[in-house]
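What follows is final.cif (mmCIF, C-alpha atoms).
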data_model
#
loop_
_atom_site.label_atom_id
_atom_site.label_comp_id
_atom_site.auth_asym_id
_atom_site.auth_seq_id
_atom_site.Cartn_x
_atom_site.Cartn_y
_atom_site.Cartn_z
CA MET X 1 11.97 -113.57 -33.32
CA ARG X 2 13.13 -111.41 -30.31
CA ARG X 3 15.29 -109.31 -32.64
CA ILE X 4 12.37 -108.42 -34.91
CA LEU X 5 10.28 -107.26 -31.91
CA SER X 6 13.00 -104.98 -30.53
CA LEU X 7 13.47 -103.31 -33.91
CA SER X 8 9.75 -102.56 -34.15
CA LEU X 9 9.76 -100.74 -30.80
CA VAL X 10 12.38 -98.15 -31.92
CA PRO X 11 10.08 -96.14 -34.21
CA LEU X 12 7.42 -96.03 -31.53
CA ALA X 13 9.82 -94.52 -28.95
CA ALA X 14 11.09 -91.93 -31.40
CA THR X 15 7.54 -90.89 -32.28
CA ALA X 16 6.66 -90.41 -28.61
CA ALA X 17 9.76 -88.29 -28.02
CA LEU X 18 8.95 -86.05 -30.96
CA THR X 19 5.37 -85.62 -29.76
CA PHE X 20 6.54 -84.61 -26.22
CA ALA X 21 9.06 -82.13 -27.65
CA SER X 22 6.45 -80.52 -29.82
CA LEU X 23 4.11 -80.10 -26.83
CA THR X 24 6.79 -78.54 -24.65
CA ALA X 25 7.86 -76.17 -27.43
CA THR X 26 4.36 -74.71 -27.95
CA PRO X 27 4.27 -71.13 -26.52
CA SER X 28 1.59 -70.27 -23.90
CA ASN X 29 -1.17 -67.68 -24.42
CA ALA X 30 0.34 -65.43 -21.72
CA GLU X 31 3.65 -65.28 -23.60
CA GLU X 32 1.94 -64.57 -26.93
CA LYS X 33 -0.13 -61.60 -25.49
CA LYS X 34 1.82 -58.56 -24.31
CA ALA X 35 0.30 -56.00 -21.87
CA PRO X 36 -0.86 -52.82 -23.72
CA GLU X 37 1.09 -49.63 -23.03
CA PRO X 38 -0.80 -46.89 -21.10
CA PRO X 39 -1.89 -43.87 -23.17
CA PRO X 40 0.31 -40.75 -22.98
CA THR X 41 -0.47 -38.28 -20.19
CA ILE X 42 -1.90 -35.02 -21.51
CA VAL X 43 0.01 -31.98 -20.21
CA GLU X 44 0.31 -28.25 -20.79
CA VAL X 45 3.74 -26.76 -21.43
CA ALA X 46 5.52 -23.40 -21.47
CA LYS X 47 9.04 -22.52 -22.57
CA ALA X 48 12.05 -21.49 -20.53
CA ASP X 49 13.18 -18.01 -21.57
CA ILE X 50 15.52 -15.14 -20.78
CA ALA X 51 14.02 -12.28 -18.77
CA ARG X 52 15.28 -9.34 -16.72
CA ILE X 53 14.62 -9.77 -13.00
CA ALA X 54 15.85 -7.39 -10.31
CA PRO X 55 16.75 -8.71 -6.85
CA ARG X 56 13.94 -8.13 -4.37
CA HIS X 57 13.50 -8.23 -0.62
CA TRP X 58 10.30 -9.79 0.70
CA ALA X 59 9.14 -7.70 3.66
CA PRO X 60 6.39 -8.95 5.98
CA GLY X 61 3.19 -7.01 6.49
CA SER X 62 -0.36 -7.20 7.81
CA VAL X 63 -3.56 -6.19 6.07
CA VAL X 64 -5.45 -3.39 7.85
CA SER X 65 -8.46 -1.24 7.04
CA ARG X 66 -8.06 2.44 6.29
CA ASP X 67 -11.22 3.06 8.35
CA ASP X 68 -11.34 1.05 11.57
CA ALA X 69 -13.02 2.54 14.65
CA LYS X 70 -14.54 1.67 17.99
CA LEU X 71 -17.56 3.95 17.91
CA ALA X 72 -18.66 5.80 21.05
CA THR X 73 -21.22 8.44 21.93
CA SER X 74 -21.07 11.59 24.06
CA ALA X 75 -24.43 10.71 25.67
CA ALA X 76 -25.06 8.38 28.61
CA GLY X 77 -27.91 5.99 29.22
CA ARG X 78 -29.21 2.46 28.94
CA LEU X 79 -28.59 0.75 25.61
CA GLU X 80 -31.81 -0.12 23.77
CA TYR X 81 -30.37 -1.39 20.48
CA VAL X 82 -27.00 -2.37 19.02
CA ALA X 83 -26.41 -3.85 15.55
CA GLU X 84 -25.56 -7.53 15.33
CA VAL X 85 -22.02 -8.65 14.54
CA GLY X 86 -21.67 -8.99 10.77
CA THR X 87 -24.18 -6.25 9.95
CA ARG X 88 -23.12 -4.33 6.86
CA LEU X 89 -23.57 -0.59 7.13
CA LYS X 90 -23.60 2.40 4.84
CA ALA X 91 -22.30 5.75 5.98
CA GLY X 92 -24.93 7.25 8.28
CA ASP X 93 -26.65 3.96 9.17
CA ARG X 94 -27.66 3.49 12.81
CA VAL X 95 -25.33 1.30 14.87
CA ALA X 96 -26.81 1.71 18.37
CA LYS X 97 -29.61 3.52 20.23
CA LEU X 98 -29.73 4.72 23.87
CA GLU X 99 -32.89 5.40 25.86
CA ASP X 100 -33.80 9.07 25.39
CA GLU X 101 -36.88 9.83 27.49
CA THR X 102 -35.04 12.10 29.95
CA ILE X 103 -33.39 14.06 27.15
CA ARG X 104 -36.70 14.45 25.31
CA LEU X 105 -38.29 15.93 28.43
CA ARG X 106 -35.36 18.32 28.83
CA LEU X 107 -35.71 19.37 25.21
CA GLU X 108 -39.43 19.99 25.63
CA ASP X 109 -38.77 22.06 28.76
CA ALA X 110 -36.18 24.16 26.90
CA LYS X 111 -38.61 24.79 24.04
CA THR X 112 -41.28 25.89 26.53
CA GLU X 113 -38.82 28.31 28.09
CA VAL X 114 -38.08 29.78 24.66
CA ALA X 115 -41.80 30.31 24.06
CA ARG X 116 -42.26 32.02 27.45
CA ILE X 117 -39.33 34.40 27.01
CA THR X 118 -40.35 35.14 23.43
CA ALA X 119 -43.79 36.29 24.64
CA GLN X 120 -42.23 38.47 27.36
CA ARG X 121 -39.83 40.02 24.91
CA GLU X 122 -42.63 40.83 22.46
CA LEU X 123 -44.60 42.53 25.25
CA ALA X 124 -41.56 44.52 26.33
CA GLU X 125 -40.91 45.53 22.74
CA ARG X 126 -44.50 46.82 22.30
CA THR X 127 -44.19 48.75 25.56
CA ARG X 128 -40.93 50.33 24.42
CA VAL X 129 -42.49 51.39 21.10
CA ARG X 130 -45.44 53.09 22.89
CA LEU X 131 -43.15 54.88 25.32
CA GLN X 132 -40.94 56.03 22.47
CA THR X 133 -44.00 57.56 20.76
CA LEU X 134 -45.02 59.35 23.94
CA ALA X 135 -41.47 60.52 24.59
CA SER X 136 -41.45 62.37 21.28
CA SER X 137 -44.22 64.62 22.69
CA ASN X 138 -42.59 64.83 26.14
CA SER X 139 -45.49 62.91 27.69
CA VAL X 140 -43.25 60.43 29.61
CA ALA X 141 -39.98 60.74 31.40
CA ALA X 142 -36.83 59.70 29.54
CA ASN X 143 -35.88 57.21 32.22
CA GLN X 144 -39.08 55.22 31.59
CA LEU X 145 -38.09 54.77 27.97
CA ASP X 146 -34.60 53.69 29.04
CA GLU X 147 -36.04 51.11 31.42
CA ALA X 148 -38.26 49.71 28.66
CA SER X 149 -35.33 49.48 26.25
CA ALA X 150 -33.21 47.70 28.89
CA GLN X 151 -36.01 45.23 29.56
CA VAL X 152 -36.19 44.38 25.84
CA ALA X 153 -32.43 43.81 25.77
CA GLN X 154 -32.66 41.64 28.89
CA PHE X 155 -35.37 39.43 27.40
CA THR X 156 -33.39 39.19 24.15
CA ALA X 157 -30.38 37.83 26.04
CA GLN X 158 -32.56 35.39 27.98
CA LEU X 159 -34.10 34.19 24.72
CA ARG X 160 -30.66 33.47 23.28
CA GLN X 161 -29.75 31.44 26.37
CA ALA X 162 -32.97 29.45 26.09
CA GLU X 163 -32.34 28.77 22.39
CA VAL X 164 -28.85 27.49 23.26
CA ARG X 165 -30.41 25.11 25.79
CA VAL X 166 -32.76 23.86 23.09
CA LYS X 167 -29.85 23.21 20.73
CA SER X 168 -27.90 21.49 23.51
CA ALA X 169 -30.81 19.19 24.33
CA ALA X 170 -31.37 18.46 20.62
CA HIS X 171 -27.67 17.59 20.26
CA ASP X 172 -27.82 15.24 23.26
CA LEU X 173 -30.91 13.62 21.79
CA ASP X 174 -29.11 13.14 18.49
CA GLN X 175 -26.20 11.53 20.35
CA THR X 176 -28.48 8.81 21.69
CA GLU X 177 -28.39 7.37 18.16
CA LEU X 178 -24.92 6.17 17.19
CA ARG X 179 -24.39 6.22 13.42
CA SER X 180 -21.53 4.87 11.33
CA PRO X 181 -19.26 7.60 9.91
CA PHE X 182 -18.18 5.33 7.03
CA PRO X 183 -19.40 2.19 5.24
CA GLY X 184 -18.28 -1.01 6.90
CA VAL X 185 -19.25 -4.10 8.87
CA VAL X 186 -19.81 -4.53 12.61
CA SER X 187 -16.96 -6.76 13.77
CA ASP X 188 -17.68 -6.69 17.51
CA ARG X 189 -20.32 -5.52 19.99
CA LEU X 190 -18.48 -4.07 23.01
CA VAL X 191 -21.68 -3.45 25.03
CA GLN X 192 -24.82 -5.57 25.09
CA ARG X 193 -28.42 -4.38 24.96
CA GLY X 194 -29.74 -3.41 28.39
CA GLU X 195 -26.37 -2.31 29.81
CA TYR X 196 -25.80 1.25 31.02
CA VAL X 197 -23.38 3.18 28.81
CA ALA X 198 -21.30 6.01 30.28
CA THR X 199 -20.36 9.08 28.28
CA GLY X 200 -17.55 8.27 25.83
CA ALA X 201 -17.77 4.48 26.27
CA ALA X 202 -17.10 2.44 23.12
CA ILE X 203 -20.20 0.55 21.95
CA ALA X 204 -19.36 -1.20 18.68
CA HIS X 205 -16.34 -1.91 16.48
CA VAL X 206 -16.90 -1.06 12.81
CA VAL X 207 -14.39 -1.91 10.06
CA ASP X 208 -14.41 -0.80 6.44
CA THR X 209 -13.67 -3.96 4.42
CA THR X 210 -13.45 -2.28 1.01
CA HIS X 211 -10.54 0.14 1.49
CA LEU X 212 -7.63 -2.02 2.62
CA GLU X 213 -3.88 -1.63 2.75
CA ALA X 214 -0.87 -3.56 4.03
CA ARG X 215 1.19 -2.11 6.86
CA VAL X 216 4.71 -3.23 5.98
CA GLN X 217 7.93 -3.01 7.99
CA ALA X 218 11.05 -2.80 5.80
CA PRO X 219 14.79 -2.33 6.46
CA LEU X 220 15.99 1.28 6.50
CA ALA X 221 18.54 0.40 3.80
CA LEU X 222 15.67 0.21 1.29
CA ALA X 223 14.08 3.55 2.19
CA ASP X 224 15.75 5.52 -0.63
CA LYS X 225 14.60 2.97 -3.24
CA ILE X 226 10.88 3.12 -2.48
CA ARG X 227 8.51 5.94 -3.33
CA PRO X 228 4.71 6.42 -3.36
CA GLY X 229 3.06 5.21 -6.55
CA MET X 230 5.68 2.48 -7.15
CA GLN X 231 4.43 -0.91 -8.28
CA VAL X 232 5.56 -3.83 -6.13
CA GLY X 233 4.76 -7.51 -5.84
CA MET X 234 2.58 -8.89 -3.06
CA ARG X 235 1.97 -12.50 -2.08
CA LYS X 236 -0.24 -14.36 0.37
CA GLY X 237 0.75 -17.99 0.47
CA PRO X 238 1.06 -19.24 -3.12
CA ALA X 239 -1.04 -16.38 -4.53
CA GLU X 240 0.76 -13.32 -5.86
CA GLN X 241 -0.31 -10.07 -7.52
CA ASP X 242 0.92 -6.54 -8.18
CA ALA X 243 0.19 -3.69 -5.75
CA ILE X 244 0.86 0.05 -5.48
CA VAL X 245 2.74 1.78 -2.67
CA ARG X 246 0.34 4.35 -1.20
CA ALA X 247 2.58 6.04 1.37
CA VAL X 248 6.07 5.86 2.81
CA VAL X 249 6.58 6.92 6.43
CA PRO X 250 10.04 8.57 6.44
CA VAL X 251 10.69 7.76 10.10
CA GLY X 252 12.79 4.79 11.18
CA ASP X 253 12.80 2.76 14.37
CA GLU X 254 16.19 3.24 16.03
CA ARG X 255 16.05 -0.21 17.64
CA ALA X 256 14.65 -2.35 14.81
CA ARG X 257 16.26 -0.19 12.07
CA GLN X 258 13.06 -0.40 10.06
CA PHE X 259 10.58 2.03 8.55
CA GLU X 260 6.91 1.68 7.65
CA LEU X 261 5.15 1.86 4.31
CA ARG X 262 1.55 1.36 3.28
CA VAL X 263 0.64 -0.67 0.20
CA GLY X 264 -2.85 -0.88 -1.30
CA VAL X 265 -4.57 -4.27 -1.11
CA ASP X 266 -7.36 -5.63 -3.30
CA PRO X 267 -10.21 -6.73 -0.96
CA ALA X 268 -10.64 -9.86 -3.09
CA PHE X 269 -6.98 -10.81 -2.47
CA ALA X 270 -6.82 -10.71 1.34
CA LEU X 271 -8.95 -10.01 4.41
CA VAL X 272 -8.20 -7.64 7.27
CA GLY X 273 -5.66 -9.29 9.54
CA SER X 274 -4.09 -11.46 6.80
CA ALA X 275 -0.33 -11.87 6.73
CA VAL X 276 1.24 -10.84 3.43
CA GLU X 277 4.70 -10.25 2.00
CA VAL X 278 5.68 -7.37 -0.26
CA ALA X 279 8.56 -7.55 -2.75
CA LEU X 280 10.71 -4.42 -2.46
CA PRO X 281 13.59 -3.58 -4.84
CA GLU X 282 17.02 -4.06 -3.27
CA THR X 283 18.80 -1.89 -5.83
CA ALA X 284 17.98 1.02 -8.09
CA GLU X 285 20.11 -0.46 -10.90
CA ALA X 286 18.71 -2.12 -14.01
CA ALA X 287 17.59 -5.73 -13.72
CA ASN X 288 19.91 -8.52 -14.82
CA ALA X 289 19.00 -10.96 -17.60
CA ALA X 290 18.50 -14.53 -16.35
CA LEU X 291 17.00 -17.85 -17.41
CA THR X 292 13.44 -17.94 -16.08
CA VAL X 293 10.63 -20.46 -15.95
CA PRO X 294 6.93 -20.05 -15.07
CA ARG X 295 6.20 -20.51 -11.39
CA ASP X 296 3.68 -23.25 -12.24
CA ALA X 297 6.47 -25.38 -13.75
CA LEU X 298 8.20 -25.82 -10.38
CA VAL X 299 7.60 -28.99 -8.40
CA ARG X 300 8.73 -28.55 -4.80
CA ARG X 301 9.72 -31.44 -2.60
CA THR X 302 11.32 -31.49 0.84
CA ASP X 303 14.74 -32.44 -0.55
CA ARG X 304 14.72 -30.78 -3.98
CA THR X 305 12.92 -28.60 -6.51
CA TYR X 306 12.64 -29.76 -10.10
CA VAL X 307 10.88 -29.21 -13.40
CA MET X 308 9.58 -31.78 -15.90
CA ARG X 309 10.96 -31.16 -19.40
CA VAL X 310 9.36 -32.66 -22.51
CA SER X 311 11.97 -34.18 -24.83
CA GLY X 312 11.83 -34.31 -28.61
CA ASP X 313 10.21 -37.78 -28.56
CA ASN X 314 7.60 -36.59 -26.03
CA LYS X 315 9.15 -38.24 -23.00
CA ALA X 316 9.19 -36.60 -19.56
CA GLU X 317 12.59 -35.69 -18.14
CA GLN X 318 13.15 -34.58 -14.55
CA VAL X 319 15.60 -31.67 -14.18
CA VAL X 320 16.61 -30.49 -10.71
CA VAL X 321 16.93 -26.69 -10.46
CA THR X 322 18.07 -24.07 -7.94
CA LEU X 323 15.79 -21.07 -7.49
CA GLY X 324 16.86 -17.45 -7.70
CA THR X 325 15.00 -14.15 -7.82
CA SER X 326 11.32 -14.12 -8.75
CA SER X 327 9.13 -11.51 -10.39
CA GLY X 328 5.43 -12.12 -10.72
CA GLU X 329 4.90 -15.49 -12.39
CA LEU X 330 8.54 -15.82 -13.50
CA VAL X 331 11.27 -17.40 -11.37
CA GLU X 332 14.99 -17.36 -12.06
CA VAL X 333 16.46 -20.89 -12.10
CA ARG X 334 19.89 -22.48 -12.41
CA GLY X 335 20.25 -26.01 -13.72
CA ALA X 336 20.61 -28.16 -16.85
CA LEU X 337 18.04 -26.15 -18.82
CA ASN X 338 18.26 -24.25 -22.08
CA VAL X 339 16.29 -21.41 -23.58
CA GLY X 340 13.27 -22.84 -25.41
CA ASP X 341 12.98 -26.04 -23.37
CA ARG X 342 9.38 -27.17 -23.08
CA LEU X 343 8.41 -27.42 -19.42
CA VAL X 344 5.23 -28.96 -18.05
CA VAL X 345 3.10 -26.36 -16.23
CA ARG X 346 -0.01 -28.52 -15.75
CA GLY X 347 0.29 -32.11 -14.61
CA ALA X 348 3.98 -32.21 -13.64
CA GLU X 349 3.26 -33.57 -10.15
CA ARG X 350 1.92 -36.87 -11.47
CA LEU X 351 4.68 -37.50 -14.02
CA SER X 352 7.72 -39.73 -13.66
CA ALA X 353 10.94 -39.68 -15.68
CA GLY X 354 10.62 -41.49 -19.01
CA GLN X 355 6.83 -41.37 -19.08
CA SER X 356 5.17 -40.64 -22.41
CA VAL X 357 3.26 -37.38 -22.63
CA ALA X 358 1.01 -35.65 -25.12
CA VAL X 359 1.10 -31.84 -25.25
CA ARG X 360 -2.32 -30.25 -25.11
CA SER X 361 -3.14 -28.31 -28.25
CA GLY X 362 -2.63 -24.57 -27.89
CA SER X 363 -0.13 -24.76 -25.01
#

Same coordinates, now as structure tokens:
Amino acid sequence: MRRILSLSLVPLAATAALTFASLTATPSNAEEKKAPEPPPTIVEVAKADIARIAPRHWAPGSVVSRDDAKLATSAAGRLEYVAEVGTRLKAGDRVAKLEDETIRLRLEDAKTEVARITAQRELAERTRVRLQTLASSNSVAANQLDEASAQVAQFTAQLRQAEVRVKSAAHDLDQTELRSPFPGVVSDRLVQRGEYVATGAAIAHVVDTTHLEARVQAPLALADKIRPGMQVGMRKGPAEQDAIVRAVVPVGDERARQFELRVGVDPAFALVGSAVEVALPETAEAANAALTVPRDALVRRTDRTYVMRVSGDNKAEQVVVTLGTSSGELVEVRGALNVGDRLVVRGAERLSAGQSVAVRSGS
């Protein structure tokens, strides 16, 4: 009887073992579901290419105005009005006004003197004409006619002096109004309203903000390679554009061994006082051919500079490069790049090596 019972328990144990094994072998939902891959990053690309770039020297400069003046007047008096800082002026607009009551009185006095002498001269002239008529019939002595003629000449000279005094007073009155000789903006008020202004004292600083140029100091070794009208590169921070050399000052500084040149500046590119750099040719020879990439393709880090290349299977590859000469938007590079490589010019900063990318249509 005991033997029959033990045999019947064997199938039950085997069934339980199979059930436990089947439960442990069932995969979980987390293992069956895989995380979805992120969509490819959309980027814009440009190709590496061969271009001719000449070596250039970046010379520092400062933006100045071609018309920049501290305006003064030849009159003296108390200041009644001065334009506010920031006021935009046209040529001939009033900048300041001095009190003018004293000068107006002097002008009126000079005009009165002219009227008085004019009347005396007219009377003397009529007297001379009458005496000349009588002298033709020997009715008056010749010396009387001479005295009348001399009196007319005397009054004529006095009239000229009085007219000069009128013009002088009118000029002084005109000088009480200070007007801008060129269009510009008031950058500083050197005297405040109510203060007394001496003759020749500067009242306001006016700067023309539309006609700008860069005052550049360059090594004397480059003087024979630069001429007026030459096109050069100019940059202010990351921004860069072409500019034209307006003038070259053919005089060097014997201590700094530098000379000065003036380069035109677009007012929309930089303000007066901005620091800029101008790219000057270091040689008059033809430019050398080199592998170049767009400036926007460069990613600069503290320890390296690299570009992100798009492979044939649209994967991002990081390629470290060494920079050379630049010209406009093109920069010479040395590294593991080939002509025709597709380089990311928009979105490279957020890419990592091996990341999938999708090239924007039209780039």

What lies within 10 Å of range 305-311 of chain X using all atoms listed in the file, ignoring chain neighbours under 6 positions off, as a PyMOL selection string?
chain X and resi 43+45-48+293+296-299+317-323+333+335+337+341-345+347-349+351-359

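Coordinates place CA of Val64 in chain X at a distance of 13.4 Å from CA of Glu260 in chain X.
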
Around (-34.6, 0.2, 22.9) in the file's own coordinates, what residues are found within 8 Å if you use all atoms listed in the file, given back as a list of chain:residue names?
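Nearby residues: X:Leu79, X:Glu80, X:Tyr81, X:Lys97, X:Leu98, X:Glu99, X:Arg193.
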
Could you list, as a PyMOL selection string, every residue matched by the PyMOL selection byres ((chain X and resi 247) around 12) in this structure?
chain X and resi 213-216+223+226-230+244-246+248-250+259-264

Can you work out which one of X:Asp188, X:Glu101, X:Asp174, X:Glu163 has the shortest atom-to-atom distance to Ala83 in chain X, counting all atoms listed in the file?
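Counting all atoms listed in the file, the residue closest to Ala83 in chain X is X:Asp188.
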
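Of the residues listed (X:Ile53, X:Leu159, X:Ile42, X:Leu71), X:Ile42 shows the shortest atom-to-atom separation from Ser361 in chain X; distances use all atoms listed in the file.
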
Measuring between only C-alpha atoms, which one of X:Arg128, X:Arg360, X:Arg121, X:Lys111 shows the shortest distance to Ala170 in chain X?
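Smallest separation from Ala170 in chain X among the options: X:Lys111.
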
Would you mind reading off the distance between CA of Gly233 in chain X and CA of Trp58 in chain X, one decimal, in Å?
8.9 Å
